[in-house]
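What follows is protein32.cif (mmCIF, C-alpha atoms).
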```cif
data_query
#
loop_
_atom_site.group_PDB
_atom_site.id
_atom_site.type_symbol
_atom_site.label_atom_id
_atom_site.label_comp_id
_atom_site.auth_asym_id
_atom_site.auth_seq_id
_atom_site.Cartn_x
_atom_site.Cartn_y
_atom_site.Cartn_z
ATOM 1 C CA MET D 30 -28.713 -17.227 32.797
ATOM 2 C CA SER D 31 -25.571 -15.620 31.430
ATOM 3 C CA THR D 32 -22.498 -17.804 31.016
ATOM 4 C CA VAL D 33 -18.866 -17.032 30.217
ATOM 5 C CA PHE D 34 -19.417 -18.408 26.709
ATOM 6 C CA SER D 35 -22.509 -16.320 26.000
ATOM 7 C CA GLN D 36 -20.828 -13.199 27.350
ATOM 8 C CA LEU D 37 -17.767 -13.820 25.165
ATOM 9 C CA SER D 38 -20.051 -14.355 22.168
ATOM 10 C CA ASP D 39 -21.792 -11.055 22.805
ATOM 11 C CA ASP D 40 -18.466 -9.257 23.233
ATOM 12 C CA VAL D 41 -17.153 -10.622 19.932
ATOM 13 C CA ALA D 42 -20.323 -9.564 18.117
ATOM 14 C CA VAL D 43 -20.067 -6.062 19.582
ATOM 15 C CA ALA D 44 -16.407 -5.792 18.526
ATOM 16 C CA ILE D 45 -17.332 -6.790 14.970
ATOM 17 C CA ASP D 46 -20.180 -4.270 14.918
ATOM 18 C CA ARG D 47 -17.855 -1.494 16.076
ATOM 19 C CA ALA D 48 -15.151 -2.312 13.543
ATOM 20 C CA GLY D 49 -17.495 -3.144 10.671
ATOM 21 C CA VAL D 50 -18.581 0.480 10.186
ATOM 22 C CA SER D 51 -14.943 1.295 9.311
ATOM 23 C CA VAL D 52 -14.289 -1.665 7.008
ATOM 24 C CA VAL D 53 -15.155 -1.139 3.338
ATOM 25 C CA GLN D 54 -14.770 -3.037 0.084
ATOM 26 C CA VAL D 55 -12.563 -1.837 -2.770
ATOM 27 C CA PHE D 56 -12.705 -2.773 -6.468
ATOM 28 C CA GLY D 57 -9.676 -1.875 -8.506
ATOM 29 C CA HIS D 58 -8.593 -5.188 -9.944
ATOM 30 C CA HIS D 59 -10.106 -8.545 -10.870
ATOM 31 C CA ARG D 60 -11.343 -9.362 -7.368
ATOM 32 C CA PRO D 61 -12.562 -7.099 -4.580
ATOM 33 C CA ALA D 62 -10.638 -6.719 -1.348
ATOM 34 C CA ALA D 63 -11.426 -5.149 1.973
ATOM 35 C CA GLY D 64 -10.073 -1.794 3.086
ATOM 36 C CA VAL D 65 -9.989 0.063 6.384
ATOM 37 C CA VAL D 66 -10.866 3.682 7.069
ATOM 38 C CA VAL D 67 -7.778 5.012 8.870
ATOM 39 C CA ALA D 68 -8.514 8.764 8.855
ATOM 40 C CA PRO D 69 -11.356 11.030 7.683
ATOM 41 C CA GLU D 70 -11.953 10.350 3.971
ATOM 42 C CA LEU D 71 -8.900 8.048 3.852
ATOM 43 C CA ILE D 72 -8.796 4.268 3.285
ATOM 44 C CA ALA D 73 -5.846 1.879 3.510
ATOM 45 C CA ALA D 74 -6.114 -1.159 1.234
ATOM 46 C CA PRO D 75 -3.792 -3.795 -0.276
ATOM 47 C CA THR D 76 -1.712 -2.181 -3.008
ATOM 48 C CA ASN D 77 -2.192 -5.069 -5.457
ATOM 49 C CA ALA D 78 -5.972 -4.628 -5.252
ATOM 50 C CA VAL D 79 -5.871 -1.055 -6.591
ATOM 51 C CA PRO D 80 -3.172 -0.744 -9.270
ATOM 52 C CA GLY D 81 -4.801 2.172 -11.106
ATOM 53 C CA ASP D 82 -5.482 5.831 -10.400
ATOM 54 C CA THR D 83 -9.012 5.229 -9.117
ATOM 55 C CA ALA D 84 -10.893 2.540 -7.231
ATOM 56 C CA SER D 85 -14.568 1.856 -6.667
ATOM 57 C CA VAL D 86 -15.390 1.677 -2.972
ATOM 58 C CA ARG D 87 -18.460 0.011 -1.483
ATOM 59 C CA LEU D 88 -19.178 1.753 1.805
ATOM 60 C CA PRO D 89 -20.683 -0.018 4.840
ATOM 61 C CA ASP D 90 -24.163 1.252 3.901
ATOM 62 C CA GLY D 91 -23.868 -0.386 0.459
ATOM 63 C CA THR D 92 -23.266 2.836 -1.470
ATOM 64 C CA VAL D 93 -20.632 2.531 -4.207
ATOM 65 C CA VAL D 94 -18.442 5.612 -4.760
ATOM 66 C CA GLU D 95 -15.235 6.373 -6.617
ATOM 67 C CA GLY D 96 -12.030 6.967 -4.706
ATOM 68 C CA ALA D 97 -8.739 8.503 -5.840
ATOM 69 C CA VAL D 98 -5.658 6.354 -5.300
ATOM 70 C CA LEU D 99 -3.039 8.639 -3.763
ATOM 71 C CA GLY D 100 -0.109 6.253 -3.888
ATOM 72 C CA HIS D 101 1.411 2.940 -2.921
ATOM 73 C CA SER D 102 3.856 2.021 -0.181
ATOM 74 C CA SER D 103 6.281 -0.574 -1.505
ATOM 75 C CA ALA D 104 7.519 -1.480 1.981
ATOM 76 C CA SER D 105 4.111 -2.189 3.510
ATOM 77 C CA GLY D 106 2.117 -3.169 0.428
ATOM 78 C CA ILE D 107 -0.518 -0.570 1.312
ATOM 79 C CA ALA D 108 -2.330 1.835 -1.000
ATOM 80 C CA ALA D 109 -4.021 5.019 0.211
ATOM 81 C CA ILE D 110 -7.425 5.908 -1.258
ATOM 82 C CA ARG D 111 -9.208 9.199 -0.713
ATOM 83 C CA VAL D 112 -13.015 9.282 -0.878
ATOM 84 C CA ALA D 113 -14.273 12.846 -0.664
ATOM 85 C CA GLY D 114 -17.238 13.278 1.651
ATOM 86 C CA MET D 115 -17.042 9.745 3.054
ATOM 87 C CA SER D 116 -18.775 9.592 6.426
ATOM 88 C CA ALA D 117 -17.492 6.167 7.536
ATOM 89 C CA PRO D 118 -15.538 6.760 10.759
ATOM 90 C CA PRO D 119 -11.822 5.977 11.101
ATOM 91 C CA LEU D 120 -10.932 2.877 13.050
ATOM 92 C CA VAL D 121 -9.038 3.743 16.217
ATOM 93 C CA ALA D 122 -5.670 2.019 16.615
ATOM 94 C CA ALA D 123 -4.977 -0.086 19.727
ATOM 95 C CA ASP D 124 -1.707 -0.941 21.423
ATOM 96 C CA GLU D 125 0.344 -3.772 19.968
ATOM 97 C CA PRO D 126 -0.974 -7.184 21.064
ATOM 98 C CA ARG D 127 0.978 -9.932 22.791
ATOM 99 C CA VAL D 128 1.407 -13.493 21.593
ATOM 100 C CA GLY D 129 -1.604 -15.494 22.753
ATOM 101 C CA HIS D 130 -4.028 -12.571 22.793
ATOM 102 C CA LEU D 131 -7.378 -13.278 21.171
ATOM 103 C CA ALA D 132 -8.303 -11.077 18.224
ATOM 104 C CA VAL D 133 -11.101 -10.715 15.711
ATOM 105 C CA ALA D 134 -10.611 -10.577 11.936
ATOM 106 C CA VAL D 135 -13.158 -8.353 10.166
ATOM 107 C CA GLY D 136 -13.593 -8.132 6.397
ATOM 108 C CA ARG D 137 -16.188 -8.013 3.626
ATOM 109 C CA THR D 138 -17.689 -10.898 1.633
ATOM 110 C CA TRP D 139 -18.121 -10.825 -2.149
ATOM 111 C CA SER D 140 -21.635 -9.428 -1.659
ATOM 112 C CA GLY D 141 -20.373 -6.740 0.711
ATOM 113 C CA SER D 142 -21.583 -8.239 3.983
ATOM 114 C CA VAL D 143 -19.419 -8.123 7.089
ATOM 115 C CA ILE D 144 -17.444 -11.280 7.802
ATOM 116 C CA GLY D 145 -15.698 -11.864 11.105
ATOM 117 C CA PHE D 146 -14.114 -14.627 13.097
ATOM 118 C CA VAL D 147 -12.057 -15.105 16.226
ATOM 119 C CA THR D 148 -8.379 -16.025 16.046
ATOM 120 C CA ASN D 149 -5.298 -15.651 18.197
ATOM 121 C CA VAL D 150 -2.041 -13.785 17.819
ATOM 122 C CA ALA D 151 0.596 -16.406 17.004
ATOM 123 C CA VAL D 152 3.689 -14.243 16.437
ATOM 124 C CA VAL D 153 4.697 -10.640 17.041
ATOM 125 C CA GLY D 154 8.088 -9.844 15.608
ATOM 126 C CA GLY D 155 10.120 -8.784 12.611
ATOM 127 C CA PRO D 156 11.704 -7.634 10.484
ATOM 128 C CA LEU D 157 10.041 -9.170 7.431
ATOM 129 C CA ARG D 158 11.525 -8.507 3.999
ATOM 130 C CA THR D 159 8.744 -7.538 1.570
ATOM 131 C CA SER D 160 10.885 -7.026 -1.534
ATOM 132 C CA ARG D 161 14.517 -6.821 -2.549
ATOM 133 C CA ALA D 162 14.776 -3.262 -1.268
ATOM 134 C CA SER D 163 12.102 -3.028 1.449
ATOM 135 C CA GLN D 164 11.147 -4.608 4.727
ATOM 136 C CA LEU D 165 8.615 -4.269 7.509
ATOM 137 C CA ASP D 166 10.327 -3.732 10.838
ATOM 138 C CA ARG D 167 7.359 -5.143 12.738
ATOM 139 C CA VAL D 168 4.664 -7.691 11.842
ATOM 140 C CA ILE D 169 1.916 -9.664 13.523
ATOM 141 C CA ARG D 170 1.001 -13.197 12.473
ATOM 142 C CA VAL D 171 -2.364 -14.752 13.296
ATOM 143 C CA ALA D 172 -3.496 -18.357 13.395
ATOM 144 C CA PHE D 173 -5.401 -18.708 10.122
ATOM 145 C CA SER D 174 -4.531 -19.008 6.458
ATOM 146 C CA PRO D 175 -5.200 -16.054 4.104
ATOM 147 C CA HIS D 176 -8.826 -15.639 3.083
ATOM 148 C CA GLY D 177 -9.928 -13.387 0.225
ATOM 149 C CA ALA D 178 -12.812 -11.785 2.105
ATOM 150 C CA ILE D 179 -10.523 -10.872 4.999
ATOM 151 C CA THR D 180 -7.560 -9.587 2.965
ATOM 152 C CA GLY D 181 -7.345 -5.832 3.482
ATOM 153 C CA GLY D 182 -9.628 -6.002 6.495
ATOM 154 C CA ALA D 183 -8.933 -5.180 10.109
ATOM 155 C CA LEU D 184 -7.616 -7.279 12.942
ATOM 156 C CA VAL D 185 -9.237 -5.858 16.058
ATOM 157 C CA ASP D 186 -9.207 -6.377 19.797
ATOM 158 C CA GLY D 187 -12.167 -7.062 22.074
ATOM 159 C CA GLU D 188 -13.101 -3.391 22.063
ATOM 160 C CA GLY D 189 -13.217 -3.214 18.256
ATOM 161 C CA ARG D 190 -9.981 -1.194 18.077
ATOM 162 C CA ALA D 191 -7.506 -1.870 15.280
ATOM 163 C CA LEU D 192 -4.519 -4.103 15.896
ATOM 164 C CA GLY D 193 -3.522 -4.088 12.250
ATOM 165 C CA LEU D 194 -4.372 -4.448 8.575
ATOM 166 C CA ILE D 195 -4.658 -8.032 7.318
ATOM 167 C CA THR D 196 -2.630 -8.974 4.247
ATOM 168 C CA GLY D 197 -2.952 -11.880 1.839
ATOM 169 C CA TYR D 198 0.522 -13.171 2.667
ATOM 170 C CA ALA D 199 1.168 -16.355 4.607
ATOM 171 C CA ILE D 200 4.104 -17.731 6.566
ATOM 172 C CA ARG D 201 3.825 -21.394 7.526
ATOM 173 C CA GLY D 202 0.039 -21.339 7.651
ATOM 174 C CA THR D 203 -0.251 -18.034 9.488
ATOM 175 C CA THR D 204 -1.460 -14.776 7.947
ATOM 176 C CA VAL D 205 0.714 -11.671 8.072
ATOM 177 C CA VAL D 206 -0.871 -8.564 9.603
ATOM 178 C CA ILE D 207 0.685 -5.102 9.358
ATOM 179 C CA PRO D 208 0.512 -3.470 12.811
ATOM 180 C CA ALA D 209 -1.882 -0.529 13.001
ATOM 181 C CA SER D 210 0.903 1.843 14.001
ATOM 182 C CA VAL D 211 2.758 0.965 10.785
ATOM 183 C CA ALA D 212 -0.226 0.773 8.417
ATOM 184 C CA TRP D 213 -1.926 3.966 9.581
ATOM 185 C CA SER D 214 1.381 5.864 9.408
ATOM 186 C CA ALA D 215 2.135 4.534 5.903
ATOM 187 C CA ALA D 216 -1.260 5.707 4.627
ATOM 188 C CA GLN D 217 -0.762 9.178 6.105
ATOM 189 C CA GLN D 218 2.699 9.397 4.559
ATOM 190 C CA LEU D 219 1.244 8.612 1.155
ATOM 191 C CA VAL D 220 -1.170 11.503 1.634
ATOM 192 C CA SER D 221 1.717 13.877 2.310
ATOM 193 C CA ILE D 222 3.740 12.878 -0.762
ATOM 194 C CA GLY D 223 1.055 11.624 -3.105
ATOM 195 C CA GLY D 224 -1.755 13.194 -5.068
ATOM 196 C CA THR D 225 -4.568 12.460 -7.489
ATOM 197 C CA ARG D 226 -2.774 13.318 -10.760
ATOM 198 C CA GLN D 227 -0.343 10.718 -12.037
ATOM 199 C CA GLY D 228 2.789 12.028 -13.676
ATOM 200 C CA PHE D 229 4.324 10.316 -16.701
ATOM 201 C CA VAL D 230 7.971 9.888 -17.624
ATOM 202 C CA GLY D 231 7.722 7.070 -20.161
ATOM 203 C CA ILE D 232 9.994 4.285 -18.932
ATOM 204 C CA GLY D 233 9.873 0.652 -17.932
ATOM 205 C CA THR D 234 11.916 -0.241 -14.855
ATOM 206 C CA SER D 235 12.893 -3.066 -12.561
ATOM 207 C CA THR D 236 14.770 -3.132 -9.259
ATOM 208 C CA VAL D 237 18.453 -4.099 -9.437
ATOM 209 C CA ALA D 238 21.156 -4.480 -6.812
ATOM 210 C CA LEU D 239 23.938 -1.888 -6.982
ATOM 211 C CA PRO D 240 27.493 -3.245 -6.799
ATOM 212 C CA GLU D 241 29.422 -1.370 -4.143
ATOM 213 C CA ARG D 242 31.930 0.019 -6.647
ATOM 214 C CA GLN D 243 29.030 1.534 -8.605
ATOM 215 C CA ARG D 244 27.337 3.300 -5.695
ATOM 216 C CA GLY D 245 29.636 6.321 -5.685
ATOM 217 C CA GLY D 246 29.538 6.629 -1.917
ATOM 218 C CA ARG D 247 25.770 6.177 -1.663
ATOM 219 C CA SER D 248 24.366 3.991 1.077
ATOM 220 C CA GLN D 249 21.435 2.648 -0.981
ATOM 221 C CA GLU D 250 21.809 -0.918 -2.174
ATOM 222 C CA PHE D 251 19.284 -0.863 -5.028
ATOM 223 C CA GLY D 252 18.261 1.294 -7.973
ATOM 224 C CA LEU D 253 15.819 1.211 -10.894
ATOM 225 C CA LEU D 254 17.159 -0.306 -14.106
ATOM 226 C CA VAL D 255 15.613 1.368 -17.161
ATOM 227 C CA THR D 256 14.344 -1.510 -19.326
ATOM 228 C CA GLY D 257 12.454 0.570 -21.888
ATOM 229 C CA VAL D 258 12.015 4.162 -23.037
ATOM 230 C CA VAL D 259 8.784 5.256 -24.745
ATOM 231 C CA HIS D 260 9.268 7.079 -28.029
ATOM 232 C CA ASP D 261 8.633 10.827 -27.889
ATOM 233 C CA SER D 262 8.276 10.709 -24.094
ATOM 234 C CA PRO D 263 9.692 13.003 -21.373
ATOM 235 C CA ALA D 264 12.292 10.306 -20.639
ATOM 236 C CA GLU D 265 13.499 10.263 -24.240
ATOM 237 C CA ALA D 266 13.645 14.058 -24.306
ATOM 238 C CA ALA D 267 15.692 14.033 -21.094
ATOM 239 C CA GLY D 268 18.240 11.657 -22.614
ATOM 240 C CA LEU D 269 17.453 8.537 -20.572
ATOM 241 C CA LEU D 270 18.777 5.332 -22.126
ATOM 242 C CA VAL D 271 17.931 1.675 -21.702
ATOM 243 C CA GLY D 272 20.480 0.353 -19.237
ATOM 244 C CA ASP D 273 20.622 3.518 -17.121
ATOM 245 C CA ILE D 274 20.045 2.952 -13.403
ATOM 246 C CA ILE D 275 17.922 5.600 -11.681
ATOM 247 C CA VAL D 276 19.116 6.200 -8.117
ATOM 248 C CA GLY D 277 17.567 9.589 -7.310
ATOM 249 C CA PHE D 278 14.442 11.576 -8.138
ATOM 250 C CA ASP D 279 14.233 15.205 -7.047
ATOM 251 C CA GLY D 280 16.884 14.587 -4.420
ATOM 252 C CA GLN D 281 15.223 11.478 -2.965
ATOM 253 C CA PRO D 282 16.689 7.979 -3.318
ATOM 254 C CA VAL D 283 14.607 5.622 -5.457
ATOM 255 C CA GLN D 284 14.932 1.861 -5.139
ATOM 256 C CA GLU D 285 11.595 0.395 -6.286
ATOM 257 C CA PRO D 286 9.127 1.097 -9.107
ATOM 258 C CA GLU D 287 6.241 1.736 -6.684
ATOM 259 C CA ALA D 288 8.245 4.468 -4.965
ATOM 260 C CA LEU D 289 8.754 6.268 -8.270
ATOM 261 C CA VAL D 290 5.050 5.953 -9.117
ATOM 262 C CA THR D 291 4.133 7.659 -5.844
ATOM 263 C CA LEU D 292 6.744 10.390 -6.316
ATOM 264 C CA LEU D 293 5.242 11.149 -9.724
ATOM 265 C CA ARG D 294 1.858 11.959 -8.201
ATOM 266 C CA GLY D 295 0.474 15.234 -6.914
ATOM 267 C CA ASP D 296 1.778 18.516 -8.281
ATOM 268 C CA ARG D 297 4.636 17.048 -10.335
ATOM 269 C CA VAL D 298 2.860 17.309 -13.693
ATOM 270 C CA GLY D 299 4.286 20.181 -15.751
ATOM 271 C CA LYS D 300 7.371 20.565 -13.578
ATOM 272 C CA THR D 301 10.986 19.815 -14.439
ATOM 273 C CA VAL D 302 12.605 17.497 -11.913
ATOM 274 C CA PRO D 303 16.263 16.506 -11.450
ATOM 275 C CA LEU D 304 16.986 12.834 -12.012
ATOM 276 C CA THR D 305 20.200 11.074 -10.988
ATOM 277 C CA VAL D 306 21.241 8.018 -12.986
ATOM 278 C CA LEU D 307 24.192 5.680 -13.139
ATOM 279 C CA ARG D 308 25.464 5.093 -16.645
ATOM 280 C CA GLY D 309 28.094 2.439 -16.189
ATOM 281 C CA ALA D 310 30.303 3.664 -13.366
ATOM 282 C CA GLU D 311 29.504 7.314 -14.052
ATOM 283 C CA SER D 312 26.849 9.305 -12.189
ATOM 284 C CA LYS D 313 24.861 11.702 -14.371
ATOM 285 C CA ASP D 314 22.318 14.381 -13.447
ATOM 286 C CA LEU D 315 19.493 14.812 -15.949
ATOM 287 C CA SER D 316 16.367 16.999 -15.974
ATOM 288 C CA VAL D 317 13.026 15.507 -16.935
ATOM 289 C CA ALA D 318 9.827 17.461 -17.615
ATOM 290 C CA ILE D 319 6.990 15.466 -16.015
ATOM 291 C CA GLY D 320 3.998 14.929 -18.268
ATOM 292 C CA GLU D 321 0.527 13.642 -17.400
ATOM 293 C CA ARG D 322 0.044 9.979 -18.121
ATOM 294 C CA PRO D 323 -1.796 9.503 -21.422
ATOM 295 C CA LYS D 324 -5.124 7.702 -21.244
ATOM 296 C CA ARG D 325 -3.785 4.836 -23.290
ATOM 297 C CA GLU D 326 -1.247 4.166 -20.525
ATOM 298 C CA ARG D 327 -3.649 4.081 -17.601
ATOM 299 C CA ARG D 328 -3.965 0.300 -17.584
ATOM 300 C CA SER D 329 -0.224 -0.262 -17.648
ATOM 301 C CA GLU D 330 1.526 -1.023 -14.402
ATOM 302 C CA ARG D 331 4.962 -1.166 -15.971
ATOM 303 C CA ARG D 332 5.393 2.285 -17.540
ATOM 304 C CA ARG D 333 5.989 5.320 -15.390
#
```
I'd like the structure from this file rewritten - as structure tokens, please.
Amino acid sequence: MSTVFSQLSDDVAVAIDRAGVSVVQVFGHHRPAAGVVVAPELIAAPTNAVPGDTASVRLPDGTVVEGAVLGHSSASGIAAIRVAGMSAPPLVAADEPRVGHLAVAVGRTWSGSVIGFVTNVAVVGGPLRTSRASQLDRVIRVAFSPHGAITGGALVDGEGRALGLITGYAIRGTTVVIPASVAWSAAQQLVSIGGTRQGFVGIGTSTVALPERQRGGRSQEFGLLVTGVVHDSPAEAAGLLVGDIIVGFDGQPVQEPEALVTLLRGDRVGKTVPLTVLRGAESKDLSVAIGERPKRERRSERRR
């Protein structure tokens, strides 16, 4: 005889089955993380799990393939990975949940098996500052602490539709989830501005706050402080100096290193791009010829 409990159990299992075919495992760093298929041949995964240009992806059928990292979103902490010919279906996004709604977290274990458990939505709100220069306008928090096998996985509703992408960040014992509307959009945006070739300028940078008197009428509050210039690099040839603050790249404001990394992808290699820097209180426009990152630099996360 069917009971409410047995019916709920069956419904949860079905939701996990439906979502599991769109949840993969990515290897780009020391430990694997989950990732979610958000569009044909496109995966969203935690940006700190895939710092390089490529990532190995274990598909739901166990096949391991190589994906191209298209870029990183500094605001959301999401990386977009393209896997050509991938047949895993995209996970359909659901409407935003309400506090108290039950949800299912779906990820991948170390061995690649599906892992899933029931939780509840504890908080829906925002904004949440993710760095000095970025914030998420909307976040979901669920009632469990971060778990490695779930990080990068999907939070889904009872129909197996995506409520969001699960992060490894915690606030007072709850795990932060990026709403599907935000995460899916961020991945698609990276596709539009990113690419598979990584450009190289030859600088080290860090985010710094811009004093109002140094902004020159700009609304942006942060820029990229140049902390190092590689010898015989495009940056050196362009006249960049340690201590310069980069505020614009090809007409777009730049406030975080990850944003510059993404802007250097795609068809930038071989092109000359205008760069706006602050040198003291003076704004200077330079031109830098984008090179392709040398192989010896591919493991560095600090030089762009």
Exercise for the section: Spell out the residues picked by the PyMOL selection byres ((chain D and resi 307) around 10) here, as a list in words. Expected result: Leu239, Gln243, Arg244, Gly245, Gly252, Leu253, Leu254, Gly272, Asp273, Ile274, Ile275, Val276, Gly277, Thr305, Val306, Arg308, Gly309, Ala310, Glu311, Ser312, Lys313 and Asp314 of chain D
Take the selection from the previous step and output its residues with C-alpha atoms, as a compact mmCIF listing (two decimals), in the coordinates of the input.
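Listed below is the output, selection.txt:
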```txt
# COMPACT_ATOMS: atom_id res chain seq x y z
CA LEU D 239 23.94 -1.89 -6.98
CA GLN D 243 29.03 1.53 -8.60
CA ARG D 244 27.34 3.30 -5.70
CA GLY D 245 29.64 6.32 -5.68
CA GLY D 252 18.26 1.29 -7.97
CA LEU D 253 15.82 1.21 -10.89
CA LEU D 254 17.16 -0.31 -14.11
CA GLY D 272 20.48 0.35 -19.24
CA ASP D 273 20.62 3.52 -17.12
CA ILE D 274 20.05 2.95 -13.40
CA ILE D 275 17.92 5.60 -11.68
CA VAL D 276 19.12 6.20 -8.12
CA GLY D 277 17.57 9.59 -7.31
CA THR D 305 20.20 11.07 -10.99
CA VAL D 306 21.24 8.02 -12.99
CA ARG D 308 25.46 5.09 -16.64
CA GLY D 309 28.09 2.44 -16.19
CA ALA D 310 30.30 3.66 -13.37
CA GLU D 311 29.50 7.31 -14.05
CA SER D 312 26.85 9.30 -12.19
CA LYS D 313 24.86 11.70 -14.37
CA ASP D 314 22.32 14.38 -13.45
```
Problem - Residue IDs satisfying the PyMOL selection byres ((chain D and resi 267) around 12), as a ChimeraX atom specification - result: /D:230-232,258-266,268-270,301-306,313-319
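For the residues D:Gly182, D:Pro75, D:Pro61, D:Gly295, ranking by smallest atom-to-atom distance to D:Ser105 using all atoms listed in the file places D:Pro75 first.
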Practice task
Grab the atom CA of D:Thr291 to atom CA of D:Arg137 distance for me, in Å with one decimal place.
Solution key: 27.4 Å
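For the residues D:Gly106, D:Pro89, D:Pro156, D:Gly233, ranking by smallest atom-to-atom distance to D:Ala73 using only C-alpha atoms places D:Gly106 first.
The shortest atom-to-atom distance to D:Ala178, with only C-alpha atoms taken into account, belongs to D:Arg60 out of D:Arg322, D:Lys300, D:Arg190, D:Arg60.
Distance cut-off 6 Å, centre (-4.7, 6.9, -0.5), atoms counted all atoms listed in the file; the residues meeting this are D:Val98, D:Leu99, D:Gly100, D:Ala108, D:Ala109, D:Ile110, D:Arg111.
Residues matched by the PyMOL selection byres ((chain D and resi 175) around 10) in this file: Val171, Ala172, Phe173, Ser174, His176, Gly177, Ala178, Ile179, Thr180, Ile195, Thr196, Gly197, Tyr198, Ala199, Ile200, Gly202, Thr203, Thr204 and Val205 of chain D.
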Exercise for the section: Quote the spacing between atom CA of D:Pro323 and atom CA of D:Phe229 in Å to one decimal place. Expected result: 7.8 Å
Practice task
Please provide the set of residues having any atom within 12 Å of D:Ile107, restricted to only C-alpha atoms, with same-chain residues fewer than 3 positions apart removed, written as a VMD selection string.
Solution key: chain D and resid 63 to 65 67 72 to 80 98 to 104 110 159 165 180 to 182 193 to 197 206 to 209 211 to 219 287 to 288 291
Exercise for the section: Tell me, as a count of residues only, which residues lie within 8 Å of D:Arg226, counting all atoms listed in the file; anything in the same chain fewer than 5 positions away does not count. Expected result: 6
Quick one: 8 Å padding each side, axis-aligned, all listed atoms of stretch 38-48 of chain D - centre and edge lengths in Å to one decimal, as JSON?
```
{"center_x": -18.5, "center_y": -7.9, "center_z": 18.4, "size_x": 22.6, "size_y": 28.9, "size_z": 25.7}
```
Practice task
Could you give me, as an MDAnalysis selection string, the residues within 10 Å of D:Arg127, counting all atoms listed in the file and dropping anything in the same chain fewer than 5 positions from it?
Solution key: chainID D and resid 149:153 169
Practice task
Record the distance separating atom CA of D:His59 and atom CA of D:Ala97, expressed in Å with one decimal.
Solution key: 17.8 Å
Exercise for the section: Please provide as a PyMOL selection string all residues within 6 Å of D:Arg87, with the sequence filter that same-chain residues fewer than 2 positions apart are discarded (counting all atoms listed in the file). Expected result: chain D and resi 53-54+91-93
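The residue that comes closest to D:Glu285, out of D:Leu184, D:Val143, D:Ala238, D:Gly257 and on the basis of only C-alpha atoms, is D:Ala238.
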